[in-house]
>>> print(open('coords_2.cif').read())   # mmCIF, C-alpha atoms
data_upload
#
loop_
_atom_site.label_atom_id
_atom_site.label_comp_id
_atom_site.auth_asym_id
_atom_site.auth_seq_id
_atom_site.Cartn_x
_atom_site.Cartn_y
_atom_site.Cartn_z
CA MET A 833 -18.67 19.75 21.54
CA SER A 834 -15.75 17.38 22.18
CA LEU A 835 -12.74 17.23 19.93
CA SER A 836 -13.79 13.75 18.76
CA ASP A 837 -17.24 15.11 17.85
CA GLU A 838 -15.63 17.95 15.89
CA ILE A 839 -13.39 15.49 14.01
CA LEU A 840 -16.41 13.34 13.16
CA SER A 841 -18.38 16.36 11.99
CA ARG A 842 -15.56 17.63 9.79
CA TYR A 843 -14.88 14.13 8.43
CA LEU A 844 -18.54 13.76 7.42
CA ARG A 845 -18.53 17.16 5.71
CA VAL A 846 -15.36 16.35 3.77
CA THR A 847 -16.71 12.96 2.64
CA GLN A 848 -19.99 14.61 1.58
CA HIS A 849 -18.09 17.13 -0.55
CA ALA A 850 -15.95 14.39 -2.11
CA SER A 851 -18.96 12.12 -2.72
CA ARG A 852 -20.86 14.93 -4.43
CA GLN A 853 -17.91 15.65 -6.72
CA PHE A 854 -17.35 11.98 -7.53
CA ARG A 855 -21.06 11.44 -8.28
CA PHE A 856 -21.03 14.46 -10.61
CA HIS A 857 -17.81 13.43 -12.33
CA PHE A 858 -18.57 9.74 -12.76
CA GLY A 859 -22.22 10.46 -13.56
CA ARG A 860 -21.04 12.31 -16.65
CA LEU A 861 -19.37 9.06 -17.67
CA ASN A 862 -22.60 7.13 -16.95
CA LEU A 863 -20.90 5.28 -14.09
CA THR A 864 -21.86 4.81 -10.48
CA PHE A 865 -19.29 5.30 -7.74
CA PRO A 866 -19.03 1.51 -7.08
CA GLN A 867 -18.45 0.91 -10.79
CA ALA A 868 -15.75 3.58 -10.83
CA LEU A 869 -14.17 2.00 -7.76
CA VAL A 870 -14.00 -1.41 -9.48
CA LEU A 871 -12.56 0.14 -12.64
CA ASN A 872 -9.99 2.11 -10.66
CA THR A 873 -8.93 -1.04 -8.80
CA LEU A 874 -8.52 -2.88 -12.11
CA LEU A 875 -6.54 0.05 -13.51
CA GLU A 876 -4.19 -0.08 -10.52
CA GLU A 877 -3.67 -3.82 -11.06
CA ASP A 878 -2.79 -3.25 -14.73
CA GLY A 879 -3.82 -6.73 -15.74
CA LYS A 880 -6.41 -9.36 -15.04
CA ILE A 881 -7.49 -10.13 -11.50
CA PRO A 882 -9.79 -12.81 -10.03
CA ILE A 883 -13.23 -11.58 -8.97
CA SER A 884 -12.52 -12.74 -5.40
CA ALA A 885 -9.38 -10.56 -5.22
CA LEU A 886 -11.28 -7.65 -6.76
CA ALA A 887 -13.97 -8.02 -4.10
CA GLU A 888 -11.35 -8.06 -1.36
CA ARG A 889 -9.55 -4.96 -2.68
CA THR A 890 -12.80 -2.99 -2.97
CA GLY A 891 -14.14 -4.16 0.38
CA SER A 892 -17.21 -5.71 -1.23
CA ALA A 893 -18.83 -9.14 -1.36
CA ASN A 894 -18.09 -11.40 -4.33
CA SER A 895 -21.76 -11.29 -5.36
CA THR A 896 -21.77 -7.47 -5.29
CA VAL A 897 -18.64 -7.24 -7.42
CA SER A 898 -19.99 -9.88 -9.80
CA GLY A 899 -23.10 -7.75 -10.38
CA ILE A 900 -20.99 -4.63 -10.95
CA VAL A 901 -18.79 -6.57 -13.39
CA ASP A 902 -21.95 -7.74 -15.23
CA ARG A 903 -23.00 -4.13 -15.80
CA LEU A 904 -19.47 -3.03 -16.77
CA GLU A 905 -19.22 -5.90 -19.21
CA LYS A 906 -22.48 -4.81 -20.89
CA LEU A 907 -20.95 -1.34 -21.26
CA GLY A 908 -17.90 -2.87 -22.96
CA LEU A 909 -15.55 -1.68 -20.22
CA VAL A 910 -14.40 -5.03 -18.80
CA GLN A 911 -14.15 -8.61 -19.95
CA ARG A 912 -14.23 -11.90 -18.08
CA GLU A 913 -11.83 -14.74 -18.70
CA ARG A 914 -12.00 -18.22 -17.15
CA SER A 915 -8.72 -19.55 -15.76
CA GLU A 916 -7.14 -22.34 -17.78
CA ALA A 917 -5.58 -23.83 -14.63
CA ASP A 918 -8.73 -23.75 -12.49
CA ARG A 919 -12.02 -23.41 -14.36
CA ARG A 920 -13.73 -22.16 -11.17
CA VAL A 921 -11.63 -18.98 -11.19
CA ILE A 922 -12.86 -16.08 -13.29
CA TYR A 923 -10.54 -13.19 -14.09
CA VAL A 924 -11.66 -9.66 -14.92
CA ALA A 925 -9.67 -7.26 -17.08
CA LEU A 926 -10.19 -3.80 -18.54
CA THR A 927 -10.93 -3.39 -22.23
CA SER A 928 -9.09 -0.88 -24.40
CA LYS A 929 -12.29 1.20 -24.50
CA CYS A 930 -12.19 1.44 -20.72
CA ARG A 931 -8.48 2.31 -20.55
CA THR A 932 -9.05 5.29 -22.84
CA MET A 933 -12.09 6.46 -20.89
CA ARG A 934 -10.39 6.00 -17.50
CA GLU A 935 -7.31 7.96 -18.53
CA ASP A 936 -9.55 10.86 -19.52
CA ALA A 937 -11.53 10.58 -16.28
CA ARG A 938 -8.46 10.23 -14.10
CA THR A 939 -6.95 13.33 -15.66
CA ASN A 940 -10.14 15.26 -14.95
CA VAL A 941 -10.32 14.07 -11.33
CA ARG A 942 -6.65 14.86 -10.77
CA GLY A 943 -7.16 18.29 -12.29
CA TYR A 944 -10.15 18.97 -10.08
CA PHE A 945 -8.42 17.96 -6.86
CA SER A 946 -5.18 19.67 -7.85
CA GLY A 947 -7.17 22.85 -8.40
CA LEU A 948 -8.73 22.57 -4.96
CA LEU A 949 -5.42 21.92 -3.28
CA ASP A 950 -3.63 24.71 -5.15
CA SER A 951 -5.02 27.14 -2.59
CA LEU A 952 -3.04 25.34 0.14
CA SER A 953 0.63 25.92 0.80
CA GLU A 954 3.00 22.96 0.55
CA GLU A 955 3.20 22.96 4.36
CA ASP A 956 -0.61 22.83 4.64
CA LYS A 957 -0.73 19.95 2.14
CA LYS A 958 1.76 18.02 4.29
CA ILE A 959 -0.38 18.70 7.38
CA VAL A 960 -3.52 17.45 5.60
CA LEU A 961 -1.70 14.33 4.40
CA GLU A 962 -0.35 13.61 7.88
CA GLY A 963 -3.82 14.08 9.37
CA LEU A 964 -5.37 11.73 6.81
CA ASN A 965 -2.65 9.15 7.45
CA ARG A 966 -3.33 9.28 11.18
CA LEU A 967 -7.10 9.07 10.65
CA ASP A 968 -6.62 6.10 8.32
CA TRP A 969 -4.55 4.38 10.98
CA ALA A 970 -7.07 5.18 13.74
CA LEU A 971 -10.00 3.91 11.67
CA GLY A 972 -8.45 0.57 10.98
CA ALA A 973 -5.22 0.33 9.05
CA GLY A 974 -3.03 0.47 12.15
CA LYS A 975 -5.31 -1.81 14.12
CA GLU A 976 -5.19 -4.43 11.34
CA GLU A 977 -1.38 -4.29 11.38
CA GLU A 978 -1.38 -4.77 15.16
CA HIS A 979 -3.55 -7.91 14.82
CA GLU A 980 -1.19 -9.40 12.21
CA THR A 981 1.84 -9.27 14.53
#
>>> encode(input="coords_2.cif", output="structure tokens")
Amino acid sequence: MSLSDEILSRYLRVTQHASRQFRFHFGRLNLTFPQALVLNTLLEEDGKIPISALAERTGSANSTVSGIVDRLEKLGLVQRERSEADRRVIYVALTSKCRTMREDARTNVRGYFSGLLDSLSEEDKKIVLEGLNRLDWALGAGKEEEHET
């Protein structure tokens, strides 16, 4: 097996483990992973954001994000607001109910991953982070930067 094949195999295993944990964790909150991704993106923005920008930041189509926002709105976790300046623009923001729930969930996720990583030395953590940074660059981040210059 080539080194590239081994990297791919290990990458797939790691993403499977992470996906399983995220599905379990967010499932307890009655959320799907895409819903959690949208909520997390909104939490990072700490304010209202246009649906188009939300779609871009999550790597999804506007129509996909709009459907996710519909479901989150029914759960009382987000609210829509039409722009006063341009009535075509619709902003999405977290509700207070969502902020409380997300803080609890984020603490639990952080605790879980911290617990997993506690078995690694600080040096090993730095090696993992460097490897992930390089993989991120190889899979696209660095290539996008090259195209911009």
>>> atom_distance(input="coords_2.cif", atom1="atom CA of A:Leu886", atom2="atom CA of A:Arg914")
14.8 Å
>>> residues_around(input="coords_2.cif", residues="A:Leu871", least_positions_apart="4", cutoff="10 Å", atoms="all atoms listed in the file", output="ChimeraX atom specification")
/A:863,865-867,875-877,886,900-901,904,909-910,925-926,930-931,934
>>> residues_around(input="coords_2.cif", residues="A:Lys880", least_positions_apart="4", cutoff="9 Å", atoms="all atoms listed in the file", output="ChimeraX atom specification")
/A:874,912-913,923-926
>>> atom_distance(input="coords_2.cif", atom1="atom CA of A:Val897", atom2="atom CA of A:Gln848")
23.7 Å
>>> residues_around(input="coords_2.cif", residues="A:Gly891", least_positions_apart="5", cutoff="12 Å", atoms="only C-alpha atoms", output="CSV table (one decimal) with C-alpha atoms, in the coordinates of the input")
chain,number,residue,atom,x,y,z
A,866,PRO,CA,-19.0,1.5,-7.1
A,869,LEU,CA,-14.2,2.0,-7.8
A,870,VAL,CA,-14.0,-1.4,-9.5
A,873,THR,CA,-8.9,-1.0,-8.8
A,883,ILE,CA,-13.2,-11.6,-9.0
A,884,SER,CA,-12.5,-12.7,-5.4
A,885,ALA,CA,-9.4,-10.6,-5.2
A,886,LEU,CA,-11.3,-7.6,-6.8
A,896,THR,CA,-21.8,-7.5,-5.3
A,897,VAL,CA,-18.6,-7.2,-7.4
>>> atom_distance(input="coords_2.cif", atom1="atom CA of A:Asp902", atom2="atom CA of A:His849")
29.1 Å
>>> build_atoms(input="coords_2.cif", residues="stretch 837-861 of chain A", atoms="N, CA, C and O atoms", output="JSON list (two decimals), in the coordinates of the input")
[["chain", "number", "residue", "atom", "x", "y", "z"],
["A", 837, "ASP", "N", -16.01, 14.73, 18.57],
["A", 837, "ASP", "CA", -17.24, 15.11, 17.85],
["A", 837, "ASP", "C", -16.93, 16.07, 16.71],
["A", 837, "ASP", "O", -17.51, 15.96, 15.62],
["A", 838, "GLU", "N", -16.02, 17.01, 16.94],
["A", 838, "GLU", "CA", -15.63, 17.95, 15.89],
["A", 838, "GLU", "C", -14.94, 17.23, 14.73],
["A", 838, "GLU", "O", -15.19, 17.54, 13.57],
["A", 839, "ILE", "N", -14.07, 16.26, 15.06],
["A", 839, "ILE", "CA", -13.39, 15.49, 14.01],
["A", 839, "ILE", "C", -14.42, 14.73, 13.19],
["A", 839, "ILE", "O", -14.37, 14.74, 11.95],
["A", 840, "LEU", "N", -15.36, 14.08, 13.87],
["A", 840, "LEU", "CA", -16.41, 13.34, 13.16],
["A", 840, "LEU", "C", -17.22, 14.27, 12.25],
["A", 840, "LEU", "O", -17.47, 13.95, 11.08],
["A", 841, "SER", "N", -17.60, 15.40, 12.76],
["A", 841, "SER", "CA", -18.38, 16.36, 11.99],
["A", 841, "SER", "C", -17.62, 16.83, 10.74],
["A", 841, "SER", "O", -18.16, 16.85, 9.63],
["A", 842, "ARG", "N", -16.36, 17.16, 10.91],
["A", 842, "ARG", "CA", -15.56, 17.63, 9.79],
["A", 842, "ARG", "C", -15.33, 16.49, 8.78],
["A", 842, "ARG", "O", -15.40, 16.70, 7.58],
["A", 843, "TYR", "N", -15.08, 15.29, 9.29],
["A", 843, "TYR", "CA", -14.88, 14.13, 8.43],
["A", 843, "TYR", "C", -16.12, 13.90, 7.56],
["A", 843, "TYR", "O", -16.03, 13.69, 6.35],
["A", 844, "LEU", "N", -17.30, 13.96, 8.17],
["A", 844, "LEU", "CA", -18.54, 13.76, 7.42],
["A", 844, "LEU", "C", -18.74, 14.83, 6.36],
["A", 844, "LEU", "O", -19.17, 14.54, 5.24],
["A", 845, "ARG", "N", -18.41, 16.08, 6.69],
["A", 845, "ARG", "CA", -18.53, 17.16, 5.71],
["A", 845, "ARG", "C", -17.58, 16.94, 4.53],
["A", 845, "ARG", "O", -17.96, 17.11, 3.37],
["A", 846, "VAL", "N", -16.35, 16.57, 4.83],
["A", 846, "VAL", "CA", -15.36, 16.35, 3.77],
["A", 846, "VAL", "C", -15.80, 15.20, 2.87],
["A", 846, "VAL", "O", -15.74, 15.30, 1.64],
["A", 847, "THR", "N", -16.27, 14.10, 3.46],
["A", 847, "THR", "CA", -16.71, 12.96, 2.64],
["A", 847, "THR", "C", -17.95, 13.32, 1.82],
["A", 847, "THR", "O", -18.10, 12.83, 0.70],
["A", 848, "GLN", "N", -18.83, 14.17, 2.36],
["A", 848, "GLN", "CA", -19.99, 14.61, 1.58],
["A", 848, "GLN", "C", -19.55, 15.42, 0.36],
["A", 848, "GLN", "O", -20.06, 15.22, -0.74],
["A", 849, "HIS", "N", -18.60, 16.34, 0.58],
["A", 849, "HIS", "CA", -18.09, 17.13, -0.55],
["A", 849, "HIS", "C", -17.46, 16.22, -1.61],
["A", 849, "HIS", "O", -17.73, 16.37, -2.80],
["A", 850, "ALA", "N", -16.63, 15.30, -1.17],
["A", 850, "ALA", "CA", -15.95, 14.39, -2.11],
["A", 850, "ALA", "C", -16.97, 13.51, -2.84],
["A", 850, "ALA", "O", -16.88, 13.35, -4.06],
["A", 851, "SER", "N", -17.94, 12.98, -2.11],
["A", 851, "SER", "CA", -18.96, 12.12, -2.72],
["A", 851, "SER", "C", -19.75, 12.89, -3.78],
["A", 851, "SER", "O", -20.02, 12.36, -4.87],
["A", 852, "ARG", "N", -20.10, 14.11, -3.48],
["A", 852, "ARG", "CA", -20.86, 14.93, -4.43],
["A", 852, "ARG", "C", -20.04, 15.15, -5.71],
["A", 852, "ARG", "O", -20.54, 15.01, -6.82],
["A", 853, "GLN", "N", -18.76, 15.44, -5.55],
["A", 853, "GLN", "CA", -17.91, 15.65, -6.72],
["A", 853, "GLN", "C", -17.72, 14.38, -7.53],
["A", 853, "GLN", "O", -17.76, 14.40, -8.75],
["A", 854, "PHE", "N", -17.52, 13.25, -6.83],
["A", 854, "PHE", "CA", -17.35, 11.98, -7.53],
["A", 854, "PHE", "C", -18.63, 11.60, -8.26],
["A", 854, "PHE", "O", -18.59, 11.13, -9.40],
["A", 855, "ARG", "N", -19.79, 11.77, -7.62],
["A", 855, "ARG", "CA", -21.06, 11.44, -8.28],
["A", 855, "ARG", "C", -21.23, 12.29, -9.54],
["A", 855, "ARG", "O", -21.64, 11.79, -10.58],
["A", 856, "PHE", "N", -20.91, 13.57, -9.45],
["A", 856, "PHE", "CA", -21.03, 14.46, -10.61],
["A", 856, "PHE", "C", -20.07, 14.00, -11.71],
["A", 856, "PHE", "O", -20.46, 13.83, -12.86],
["A", 857, "HIS", "N", -18.82, 13.78, -11.33],
["A", 857, "HIS", "CA", -17.81, 13.43, -12.33],
["A", 857, "HIS", "C", -18.11, 12.08, -12.99],
["A", 857, "HIS", "O", -18.13, 11.98, -14.22],
["A", 858, "PHE", "N", -18.34, 11.05, -12.19],
["A", 858, "PHE", "CA", -18.57, 9.74, -12.76],
["A", 858, "PHE", "C", -19.95, 9.64, -13.39],
["A", 858, "PHE", "O", -20.15, 8.85, -14.31],
["A", 859, "GLY", "N", -20.90, 10.42, -12.94],
["A", 859, "GLY", "CA", -22.22, 10.46, -13.56],
["A", 859, "GLY", "C", -22.14, 10.93, -15.01],
["A", 859, "GLY", "O", -22.88, 10.46, -15.86],
["A", 860, "ARG", "N", -21.23, 11.86, -15.27],
["A", 860, "ARG", "CA", -21.04, 12.31, -16.65],
["A", 860, "ARG", "C", -20.52, 11.19, -17.54],
["A", 860, "ARG", "O", -20.71, 11.21, -18.74],
["A", 861, "LEU", "N", -19.87, 10.22, -16.93],
["A", 861, "LEU", "CA", -19.37, 9.06, -17.67],
["A", 861, "LEU", "C", -20.36, 7.89, -17.65],
["A", 861, "LEU", "O", -20.05, 6.80, -18.09]]
